[in-house]
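**Student:** If it helps, the file is called start.cif and holds mmCIF, C-alpha atoms and all ligand atoms:
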```cif
data_query
loop_
_atom_site.label_atom_id
_atom_site.label_comp_id
_atom_site.auth_asym_id
_atom_site.auth_seq_id
_atom_site.Cartn_x
_atom_site.Cartn_y
_atom_site.Cartn_z
CA MET A 187 -33.45 -15.42 85.53
CA PRO A 188 -30.62 -17.80 84.67
CA VAL A 189 -31.51 -21.44 84.26
CA ARG A 190 -29.08 -23.45 86.35
CA LEU A 191 -30.18 -26.97 85.50
CA LEU A 192 -27.05 -27.55 83.47
CA ARG A 193 -24.57 -25.92 85.83
CA SER A 194 -22.66 -29.13 86.49
CA ALA A 195 -22.97 -30.44 82.97
CA THR A 196 -19.38 -29.95 81.86
CA VAL A 197 -18.90 -32.44 79.06
CA GLY A 198 -15.60 -34.28 79.09
CA TRP A 199 -14.71 -34.80 75.46
CA ARG A 200 -11.94 -36.88 74.05
CA PRO A 201 -9.42 -34.38 72.69
CA LEU A 202 -8.25 -34.76 69.13
CA ALA A 203 -4.63 -34.87 70.26
CA ALA A 204 -3.65 -37.83 68.10
CA ALA A 205 -5.51 -36.42 65.12
CA ALA A 206 -3.90 -33.00 65.51
CA GLY A 207 -0.48 -34.63 65.65
CA SER A 208 -1.18 -36.46 62.43
CA SER A 209 -2.38 -33.33 60.71
CA VAL A 210 0.71 -31.36 61.67
CA ALA A 211 3.01 -34.12 60.47
CA ALA A 212 1.11 -34.48 57.22
CA ARG A 213 1.64 -30.80 56.47
CA ARG A 214 5.39 -30.77 57.05
CA PRO A 215 7.42 -29.52 54.11
CA GLU A 216 8.96 -32.21 51.93
CA SER A 217 12.49 -31.45 53.05
CA ALA A 218 11.60 -31.98 56.69
CA SER A 219 9.76 -35.22 56.24
CA SER A 220 11.33 -37.22 53.45
CA SER A 221 15.00 -37.51 54.31
CA ALA A 222 16.63 -40.33 56.29
CA PRO A 223 17.31 -41.03 59.10
CA THR A 224 14.37 -39.21 60.76
CA GLY A 225 12.20 -38.90 57.66
CA ARG A 226 9.00 -40.81 57.02
CA SER A 227 8.43 -43.09 54.07
CA GLU A 228 6.02 -42.21 51.27
CA ASN A 229 3.69 -44.82 52.73
CA ASP A 230 3.73 -43.18 56.16
CA ARG A 231 3.04 -39.77 54.69
CA GLY A 232 0.26 -41.10 52.49
CA ARG A 233 -1.28 -42.75 55.53
CA MET A 234 -1.13 -39.52 57.55
CA VAL A 235 -2.79 -37.52 54.79
CA ARG A 236 -5.52 -40.19 54.66
CA ILE A 237 -6.01 -39.94 58.44
CA GLU A 238 -6.41 -36.17 58.15
CA GLN A 239 -8.91 -36.58 55.29
CA ASP A 240 -10.80 -39.24 57.28
CA ILE A 241 -11.04 -36.96 60.31
CA LEU A 242 -12.34 -34.04 58.29
CA GLY A 243 -14.64 -36.29 56.26
CA ARG A 244 -16.12 -37.83 59.40
CA ASN A 245 -16.53 -34.36 60.90
CA ASP A 246 -18.33 -33.14 57.78
CA ARG A 247 -20.79 -36.06 57.93
CA LEU A 248 -21.57 -35.36 61.59
CA ALA A 249 -21.87 -31.64 60.85
CA GLN A 250 -24.45 -32.40 58.16
CA ALA A 251 -26.43 -34.46 60.68
CA ASN A 252 -26.32 -31.52 63.13
CA ARG A 253 -27.39 -29.15 60.34
CA ARG A 254 -30.37 -31.37 59.44
CA TRP A 255 -31.44 -31.58 63.08
CA LEU A 256 -31.13 -27.82 63.55
CA ALA A 257 -33.12 -27.17 60.35
CA GLU A 258 -35.86 -29.59 61.42
CA HIS A 259 -36.20 -27.59 64.63
CA GLY A 260 -35.97 -24.16 63.01
CA ILE A 261 -32.92 -23.29 65.12
CA PHE A 262 -30.60 -20.54 63.88
CA ALA A 263 -27.10 -21.66 64.93
CA LEU A 264 -23.96 -19.56 64.75
CA ASN A 265 -20.34 -20.54 65.34
CA LEU A 266 -18.43 -17.62 66.92
CA VAL A 267 -14.71 -17.82 66.22
CA SER A 268 -11.81 -15.54 67.12
CA SER A 269 -8.48 -15.20 68.89
CA PRO A 270 -8.54 -15.58 72.67
CA GLY A 271 -9.80 -12.44 74.38
CA SER A 272 -11.37 -10.67 71.38
CA GLY A 273 -14.63 -10.46 73.33
CA LYS A 274 -16.75 -13.47 72.31
CA THR A 275 -18.18 -14.10 75.77
CA SER A 276 -18.66 -10.39 76.47
CA LEU A 277 -20.61 -10.02 73.23
CA LEU A 278 -22.65 -13.14 73.98
CA CYS A 279 -23.54 -11.90 77.47
CA ARG A 280 -24.62 -8.54 76.09
CA THR A 281 -26.59 -10.24 73.30
CA VAL A 282 -28.38 -12.56 75.74
CA ARG A 283 -29.36 -9.62 77.95
CA ALA A 284 -30.54 -7.59 74.95
CA LEU A 285 -32.72 -10.45 73.67
CA ALA A 286 -34.30 -11.20 77.05
CA GLY A 287 -38.03 -11.69 76.59
CA GLU A 288 -37.71 -12.34 72.82
CA GLY A 289 -37.57 -16.13 72.96
CA SER A 290 -35.04 -18.69 73.88
CA VAL A 291 -31.27 -18.38 73.45
CA ALA A 292 -29.00 -21.32 74.23
CA VAL A 293 -25.21 -21.27 74.24
CA ILE A 294 -22.51 -23.91 73.82
CA VAL A 295 -19.08 -22.74 74.96
CA GLY A 296 -15.78 -24.38 74.10
CA ASP A 297 -12.61 -23.83 76.11
CA GLN A 298 -9.68 -26.09 76.85
CA GLN A 299 -10.31 -25.75 80.58
CA THR A 300 -12.67 -24.06 83.10
CA GLU A 301 -16.37 -23.34 83.12
CA PHE A 302 -15.89 -19.57 83.53
CA ASP A 303 -17.53 -18.55 80.25
CA ALA A 304 -20.62 -20.75 80.69
CA GLU A 305 -21.06 -19.27 84.17
CA ARG A 306 -20.86 -15.72 82.76
CA ILE A 307 -23.47 -16.59 80.14
CA ARG A 308 -25.81 -18.23 82.66
CA ASP A 309 -25.49 -15.13 84.82
CA SER A 310 -26.69 -13.13 81.80
CA GLY A 311 -29.84 -15.25 81.59
CA ALA A 312 -29.29 -17.98 78.99
CA ARG A 313 -28.86 -21.73 79.29
CA ALA A 314 -25.25 -22.62 78.60
CA LEU A 315 -23.28 -25.82 78.26
CA GLN A 316 -19.50 -25.78 78.64
CA ILE A 317 -17.38 -28.19 76.65
CA ASN A 318 -13.78 -28.59 77.82
CA THR A 319 -11.62 -29.78 74.96
CA GLY A 320 -8.53 -30.58 77.05
CA LYS A 321 -5.63 -30.55 74.58
CA GLY A 322 -8.00 -29.86 71.65
CA CYS A 323 -7.78 -26.46 69.97
CA HIS A 324 -11.33 -26.35 68.52
CA LEU A 325 -14.83 -27.74 68.86
CA ASP A 326 -15.90 -30.42 66.40
CA ALA A 327 -19.23 -31.65 65.09
CA ALA A 328 -19.28 -34.74 67.33
CA MET A 329 -18.96 -32.58 70.44
CA VAL A 330 -21.80 -30.32 69.32
CA GLY A 331 -23.91 -33.33 68.29
CA ARG A 332 -23.57 -34.77 71.79
CA ALA A 333 -24.26 -31.41 73.44
CA LEU A 334 -27.48 -30.73 71.50
CA PRO A 335 -29.75 -33.27 73.24
CA VAL A 336 -28.34 -32.24 76.63
CA LEU A 337 -28.92 -28.54 76.02
CA ALA A 338 -32.15 -29.22 74.07
CA PRO A 339 -32.58 -25.79 72.43
CA ALA A 340 -36.21 -24.86 71.80
CA ASP A 341 -37.78 -24.95 68.34
CA ASP A 342 -37.29 -21.68 66.37
CA SER A 343 -34.70 -20.48 68.88
CA LEU A 344 -31.18 -19.08 68.65
CA LEU A 345 -28.15 -21.29 69.32
CA LEU A 346 -24.84 -19.48 69.79
CA ILE A 347 -21.67 -21.56 69.86
CA GLU A 348 -18.53 -19.92 71.24
CA ASN A 349 -15.60 -21.85 69.81
CA VAL A 350 -12.23 -22.22 71.49
CA GLY A 351 -10.23 -18.97 71.20
CA ASN A 352 -8.00 -19.73 68.23
CA LEU A 353 -7.83 -18.08 64.83
CA VAL A 354 -6.60 -21.20 62.99
CA CYS A 355 -8.06 -24.63 63.87
CA PRO A 356 -11.80 -23.82 64.15
CA ALA A 357 -11.83 -22.70 60.50
CA ALA A 358 -11.46 -26.29 59.26
CA PHE A 359 -14.22 -27.83 61.39
CA ASP A 360 -17.83 -27.40 60.36
CA LEU A 361 -20.14 -27.81 63.35
CA GLY A 362 -23.39 -27.76 61.38
CA GLU A 363 -23.93 -24.04 62.00
CA ALA A 364 -25.76 -21.72 59.61
CA HIS A 365 -22.80 -19.33 59.62
CA LYS A 366 -19.44 -18.70 61.17
CA VAL A 367 -19.14 -15.25 62.72
CA VAL A 368 -15.55 -14.08 63.14
CA ILE A 369 -14.79 -11.54 65.82
CA LEU A 370 -11.76 -9.29 65.39
CA SER A 371 -11.01 -6.78 68.12
CA VAL A 372 -9.26 -3.51 67.41
CA THR A 373 -6.46 -4.34 69.86
CA GLU A 374 -5.30 -7.24 67.65
CA GLY A 375 -4.00 -5.23 64.66
CA GLU A 376 -5.42 -4.73 61.17
CA ASP A 377 -3.31 -7.46 59.60
CA LYS A 378 -5.03 -10.49 61.12
CA PRO A 379 -7.35 -11.22 58.15
CA LEU A 380 -4.31 -11.56 55.88
CA LYS A 381 -2.26 -13.54 58.40
CA TYR A 382 -5.08 -15.97 59.23
CA PRO A 383 -7.15 -15.90 56.03
CA ASP A 384 -8.95 -19.24 56.43
CA MET A 385 -11.05 -17.99 59.31
CA PHE A 386 -12.11 -14.82 57.52
CA ALA A 387 -12.78 -16.72 54.29
CA ALA A 388 -15.06 -19.15 56.15
CA ALA A 389 -17.12 -16.45 57.88
CA GLU A 390 -20.33 -14.77 56.75
CA LEU A 391 -20.02 -11.86 59.16
CA MET A 392 -17.16 -10.10 60.92
CA LEU A 393 -17.86 -8.29 64.17
CA LEU A 394 -15.18 -5.66 64.68
CA ASN A 395 -15.24 -5.44 68.47
CA LYS A 396 -13.90 -3.04 71.11
CA VAL A 397 -14.45 0.03 68.91
CA ASP A 398 -14.83 2.04 72.14
CA LEU A 399 -11.03 1.76 72.43
CA LEU A 400 -10.29 3.31 69.01
CA PRO A 401 -9.50 6.80 70.38
CA HIS A 402 -6.62 5.24 72.35
CA LEU A 403 -5.15 3.07 69.58
CA CYS A 404 -3.41 3.27 66.23
CA PHE A 405 -5.86 1.00 64.43
CA ASP A 406 -7.02 1.77 60.90
CA VAL A 407 -10.58 0.45 60.67
CA ALA A 408 -10.87 0.93 56.90
CA ARG A 409 -7.60 -0.95 56.35
CA ALA A 410 -8.69 -3.86 58.56
CA GLU A 411 -12.01 -4.13 56.75
CA ALA A 412 -10.32 -3.92 53.35
CA PHE A 413 -7.95 -6.75 54.34
CA ALA A 414 -10.88 -8.86 55.50
CA ARG A 415 -12.77 -8.25 52.24
CA ARG A 416 -9.64 -9.02 50.21
CA VAL A 417 -9.85 -12.52 51.72
CA ASN A 418 -13.64 -12.75 51.46
CA HIS A 419 -15.35 -10.17 49.25
CA ARG A 420 -18.82 -11.20 50.49
CA LEU A 421 -17.97 -10.70 54.16
CA GLN A 422 -20.41 -8.47 56.01
CA VAL A 423 -18.93 -6.26 58.73
CA ILE A 424 -20.52 -4.73 61.81
CA ARG A 425 -18.51 -2.50 64.16
CA VAL A 426 -19.47 -3.16 67.76
CA SER A 427 -18.49 -2.65 71.35
CA ALA A 428 -19.56 -5.19 73.94
CA THR A 429 -18.65 -2.59 76.56
CA SER A 430 -20.46 0.54 75.31
CA GLY A 431 -23.16 -1.23 73.29
CA GLU A 432 -22.25 0.60 70.06
CA GLY A 433 -23.36 -1.34 66.98
CA MET A 434 -25.40 -3.83 68.98
CA ASP A 435 -28.62 -2.75 67.26
CA ARG A 436 -27.22 -3.79 63.85
CA TRP A 437 -25.93 -7.10 65.23
CA LEU A 438 -29.27 -7.84 66.90
CA ALA A 439 -31.14 -7.00 63.69
CA TRP A 440 -28.87 -9.41 61.78
CA LEU A 441 -29.58 -12.12 64.35
CA ARG A 442 -33.34 -11.56 64.26
CA ARG A 443 -33.37 -11.79 60.44
CA GLY A 444 -31.48 -15.09 60.53
CA GLN A 445 -33.71 -16.49 63.23
CA ALA A 446 -36.86 -15.52 61.34
CA GLN A 447 -35.52 -17.16 58.16
CA ALA A 448 -34.73 -20.41 60.02
CA ALA A 449 -38.21 -20.48 61.57
CA ASP A 450 -39.87 -19.73 58.20
CA ALA A 451 -37.88 -22.52 56.53
CA ARG A 452 -39.01 -24.99 59.20
CA ALA A 453 -42.66 -23.93 58.79
CA ALA A 454 -42.39 -24.25 55.00
CA ALA A 455 -40.81 -27.72 55.28
CA ALA A 456 -43.51 -28.85 57.72
CA ALA A 457 -46.26 -27.57 55.38
CA GLU A 458 -44.64 -29.39 52.45
CA THR A 459 -44.47 -32.64 54.45
CA ASP A 460 -48.16 -32.24 55.32
CA ARG A 461 -49.11 -31.68 51.68
CA HIS A 462 -47.08 -34.70 50.63
CA ARG A 463 -48.76 -36.88 53.24
CA ARG A 464 -52.23 -35.73 52.25
CA ARG A 465 -51.48 -36.41 48.58
CA SER A 466 -50.18 -39.90 49.37
CA GLY A 467 -53.13 -40.71 51.65
CA TRP A 468 -50.87 -41.17 54.68
CA ARG A 469 -52.71 -41.61 58.02
CA PRO A 470 -51.13 -41.61 61.50
CA THR A 471 -51.18 -45.12 63.04
N1 LIG B 501 -12.93 -2.05 76.05
C1 LIG B 501 -13.53 -3.19 75.69
N2 LIG B 501 -13.18 -4.33 76.29
C2 LIG B 501 -13.84 -5.46 75.91
C3 LIG B 501 -14.83 -5.48 74.92
N3 LIG B 501 -15.27 -6.75 74.76
C4 LIG B 501 -14.57 -7.49 75.61
N4 LIG B 501 -13.70 -6.72 76.32
C5 LIG B 501 -12.75 -7.17 77.34
O1 LIG B 501 -11.83 -8.09 76.71
C6 LIG B 501 -11.48 -9.11 77.63
C7 LIG B 501 -11.74 -10.48 77.03
O2 LIG B 501 -13.14 -10.62 76.81
P1 LIG B 501 -13.85 -12.03 76.68
O3 LIG B 501 -15.27 -11.74 76.40
O4 LIG B 501 -13.53 -12.89 77.85
O5 LIG B 501 -13.12 -12.60 75.42
P2 LIG B 501 -13.25 -14.06 74.75
O6 LIG B 501 -13.08 -13.87 73.30
O7 LIG B 501 -14.51 -14.71 75.21
O8 LIG B 501 -12.00 -14.82 75.36
P3 LIG B 501 -11.70 -16.42 75.33
O9 LIG B 501 -12.95 -17.12 75.69
O10 LIG B 501 -10.62 -16.57 76.35
O11 LIG B 501 -11.22 -16.72 73.94
C8 LIG B 501 -12.27 -8.85 78.92
O12 LIG B 501 -11.44 -8.14 79.82
C9 LIG B 501 -13.41 -7.97 78.44
O13 LIG B 501 -13.89 -7.10 79.44
C10 LIG B 501 -15.19 -4.23 74.31
O14 LIG B 501 -16.04 -4.11 73.42
N5 LIG B 501 -14.49 -3.13 74.73
MG MG B 502 -14.84 -16.54 76.08
#
```
Show how you would write the structure in this file as structure tokens.

**Tutor:**
Amino acid sequence: MPVRLLRSATVGWRPLAAAAGSSVAARRPESASSSAPTGRSENDRGRMVRIEQDILGRNDRLAQANRRWLAEHGIFALNLVSSPGSGKTSLLCRTVRALAGEGSVAVIVGDQQTEFDAERIRDSGARALQINTGKGCHLDAAMVGRALPVLAPADDSLLLIENVGNLVCPAAFDLGEAHKVVILSVTEGEDKPLKYPDMFAAAELMLLNKVDLLPHLCFDVARAEAFARRVNHRLQVIRVSATSGEGMDRWLAWLRRGQAQAADARAAAAAETDRHRRRSGWRPT
């Protein structure tokens, strides 16, 4: 039964509009940015590059704090990234239903507007927190760090984060997850890994979704997978369909392995802390 405690807990986050503007400007080609009368001075450009580095550096520090917290609680966290409409929420709903009775699953969902996806996930039986990013095109570590105590995922549980549908910006922002999982659907074309390589390079696993539609499309699965592995030769691939359920067993097995590893690591760290305390004669006060 869905837990509805958090139904109204849409979190209003400050969008990174100013930051995004700085980043775009900092990446302009020389010819567009250096010439008078509209060009920027070397100082301005240096300052913008520094702002971009500061934003990413701050995000990385917060992501490490999230990662430490998640590790301390044995939580296996995944950051699901893809273009809009590739089937992230559909896959999450099917995953939540398939894992019912196997322990807790919590979901953080990022969209610019609406709480539609969180409602779909709650209807599937998991606790879900929607983050609306406004003008922002991705989640960042600060948003996730503020969502964690509100959502309060259980120890040794699974945390699935659906990022804003966008195949570019989320690649640069670590959230503290164990892995990024990139979803490519067969209706998008085989060329996406080469056109948007950062996302595929950053991912551990690619879910090739909507394979139920293959009989109706000109989509070369082997070519798409080869393109993805050209960008990231270690990338694992699972072909799935959120509609028919094909491939879900392999995806669920992958999730269970990751979750067991996170729980084992927490138990090992707790045992090590205990040993250390006993050796040092530590007593609770
Ligand atoms: N045939 C088919 N349709 C699918 C599959 N997965 C998702 N869809 C459909 O694709 C559309 C988009 O699915 P969503 O799950 O909303 O996609 P999303 O990636 O969460 O979209 P955003 O949150 O907007 O980025 C819906 O109409 C789904 O029914 C699939 O495996 N097969
Ligand atoms: Mg969605």

**Student:** Give the answer as one residue: which of A:Asp230, A:Asp435, A:Asp450, A:Asp303 has the shortest atom-to-atom distance to ligand LIG 501 (chain B), using only C-alpha atoms and all ligand atoms?

**Tutor:**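 Smallest distance to ligand LIG 501 (chain B) is found for A:Asp303.
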
**Student:** Report the distance between atom CA of A:Ala410 and atom CA of A:Gly375 in Å, rounded to one decimal place.

**Tutor:**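 Atom CA of A:Ala410 sits 7.8 Å away from atom CA of A:Gly375.
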
**Student:** In Å, rounded to a single decimal, give me how far atom O13 of ligand LIG 501 (chain B) is from atom CA of A:Thr429.

**Tutor:**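 Going from atom CA of A:Thr429 over to atom O13 of ligand LIG 501 (chain B), I get 7.2 Å.
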
**Student:** Could you give me the residues within 6 Å of ligand LIG 501 (chain B), counting all atoms listed in the file, as a list of chain:residue names?

**Tutor:** A:Ser269, A:Pro270, A:Gly271, A:Ser272, A:Gly273, A:Lys274, A:Thr275, A:Ser276, A:Gly351, A:Asn395, A:Lys396, A:Asp398, A:Leu399, A:Ser427, A:Ala428, A:Thr429

**Student:** For the residues selected in the previous step, produce a file with C-alpha atoms as a compact mmCIF listing (two decimals), in the coordinates of the input.

**Tutor:**
```txt
# COMPACT_ATOMS: atom_id res chain seq x y z
CA SER A 269 -8.48 -15.20 68.89
CA PRO A 270 -8.54 -15.58 72.67
CA GLY A 271 -9.80 -12.44 74.38
CA SER A 272 -11.37 -10.67 71.38
CA GLY A 273 -14.63 -10.46 73.33
CA LYS A 274 -16.75 -13.47 72.31
CA THR A 275 -18.18 -14.10 75.77
CA SER A 276 -18.66 -10.39 76.47
CA GLY A 351 -10.23 -18.97 71.20
CA ASN A 395 -15.24 -5.44 68.47
CA LYS A 396 -13.90 -3.04 71.11
CA ASP A 398 -14.83 2.04 72.14
CA LEU A 399 -11.03 1.76 72.43
CA SER A 427 -18.49 -2.65 71.35
CA ALA A 428 -19.56 -5.19 73.94
CA THR A 429 -18.65 -2.59 76.56
```

**Student:** Neighbours of ligand MG 502 (chain B) within 12 Å, counting all atoms listed in the file, as a ChimeraX atom specification?

**Tutor:** /A:266-279,293-307,316-317,347-352,369

**Student:** Counting only C-alpha atoms, what is within 12 Å of A:Arg254, bar same-chain residues fewer than 4 positions away, as a ChimeraX atom specification?

**Tutor:** /A:247-250,258-263,331,361-364,448,451-452,455

**Student:** Check the smallest atom-to-atom distance from each of A:Ala314, A:Ala412, A:Leu400, A:Arg283 to A:Asp377 using only C-alpha atoms, then report the winner.

**Tutor:**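 Of A:Ala314, A:Ala412, A:Leu400, A:Arg283, the one nearest A:Asp377 is A:Ala412, counting only C-alpha atoms.
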
**Student:** Atom CA of A:His365 to atom CA of A:Ala387: how many Å, to one decimal?

**Tutor:**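 If I compute the distance from atom CA of A:His365 to atom CA of A:Ala387, I get 11.6 Å.
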
**Student:** Pick from A:Val372, A:Leu438, A:Ile237, A:Ala457: nearest to A:Glu411, with all atoms listed in the file counted?

**Tutor:**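 Smallest separation from A:Glu411 among the options: A:Val372.
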
**Student:** For a quick check of understanding, using only C-alpha atoms, which of A:Val397, A:Ala292, A:Pro356, A:Asn418 has the smallest distance to A:Met434?

**Tutor:**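 Closest to A:Met434 of all the choices is A:Val397.
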
**Student:** So, counting all atoms listed in the file, which residue among A:Pro335, A:Arg253, A:Leu403, A:Leu441 is closest to A:Val282?

**Tutor:**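 Looking only at the distances to A:Val282, the closest residue turns out to be A:Leu441.
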
**Student:** First collect every listed atom of stretch 260-271 of chain A; then fit an axis-aligned box around them, widen it by 6 Å on each side, and give centre and edge lengths in Å to one decimal, as AutoDock Vina command-line options.

**Tutor:**
```
--center_x -22.2 --center_y -18.3 --center_z 68.7 --size_x 39.5 --size_y 23.7 --size_z 23.4
```

**Student:** Tell me which of A:Met234, A:Leu353, A:Val291, A:Leu394 sits closest to A:Tyr382, counting only C-alpha atoms.

**Tutor:**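 With only C-alpha atoms as the atom set, the closest residue is A:Leu353.
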
**Student:** Name all residues at most 10 Å from stretch 419-423 of chain A (count all atoms listed in the file; drop same-chain ones fewer than 2 positions away) and give them as a CSV table (one decimal) with C-alpha atoms, in the frame of the given file.

**Tutor:**
```
chain,number,residue,atom,x,y,z
A,367,VAL,CA,-19.1,-15.2,62.7
A,368,VAL,CA,-15.6,-14.1,63.1
A,369,ILE,CA,-14.8,-11.5,65.8
A,386,PHE,CA,-12.1,-14.8,57.5
A,387,ALA,CA,-12.8,-16.7,54.3
A,388,ALA,CA,-15.1,-19.2,56.2
A,389,ALA,CA,-17.1,-16.4,57.9
A,390,GLU,CA,-20.3,-14.8,56.8
A,391,LEU,CA,-20.0,-11.9,59.2
A,392,MET,CA,-17.2,-10.1,60.9
A,393,LEU,CA,-17.9,-8.3,64.2
A,394,LEU,CA,-15.2,-5.7,64.7
A,411,GLU,CA,-12.0,-4.1,56.8
A,412,ALA,CA,-10.3,-3.9,53.4
A,413,PHE,CA,-8.0,-6.8,54.3
A,414,ALA,CA,-10.9,-8.9,55.5
A,415,ARG,CA,-12.8,-8.2,52.2
A,416,ARG,CA,-9.6,-9.0,50.2
A,417,VAL,CA,-9.8,-12.5,51.7
A,425,ARG,CA,-18.5,-2.5,64.2
A,426,VAL,CA,-19.5,-3.2,67.8
A,437,TRP,CA,-25.9,-7.1,65.2
```

**Student:** Within 12 Å of A:Glu288, counting only C-alpha atoms, which residues qualify if same-chain residues fewer than 6 places away don't, as a PyMOL selection string?

**Tutor:** chain A and resi 281-282+312+342-344+438+441-442+445-446
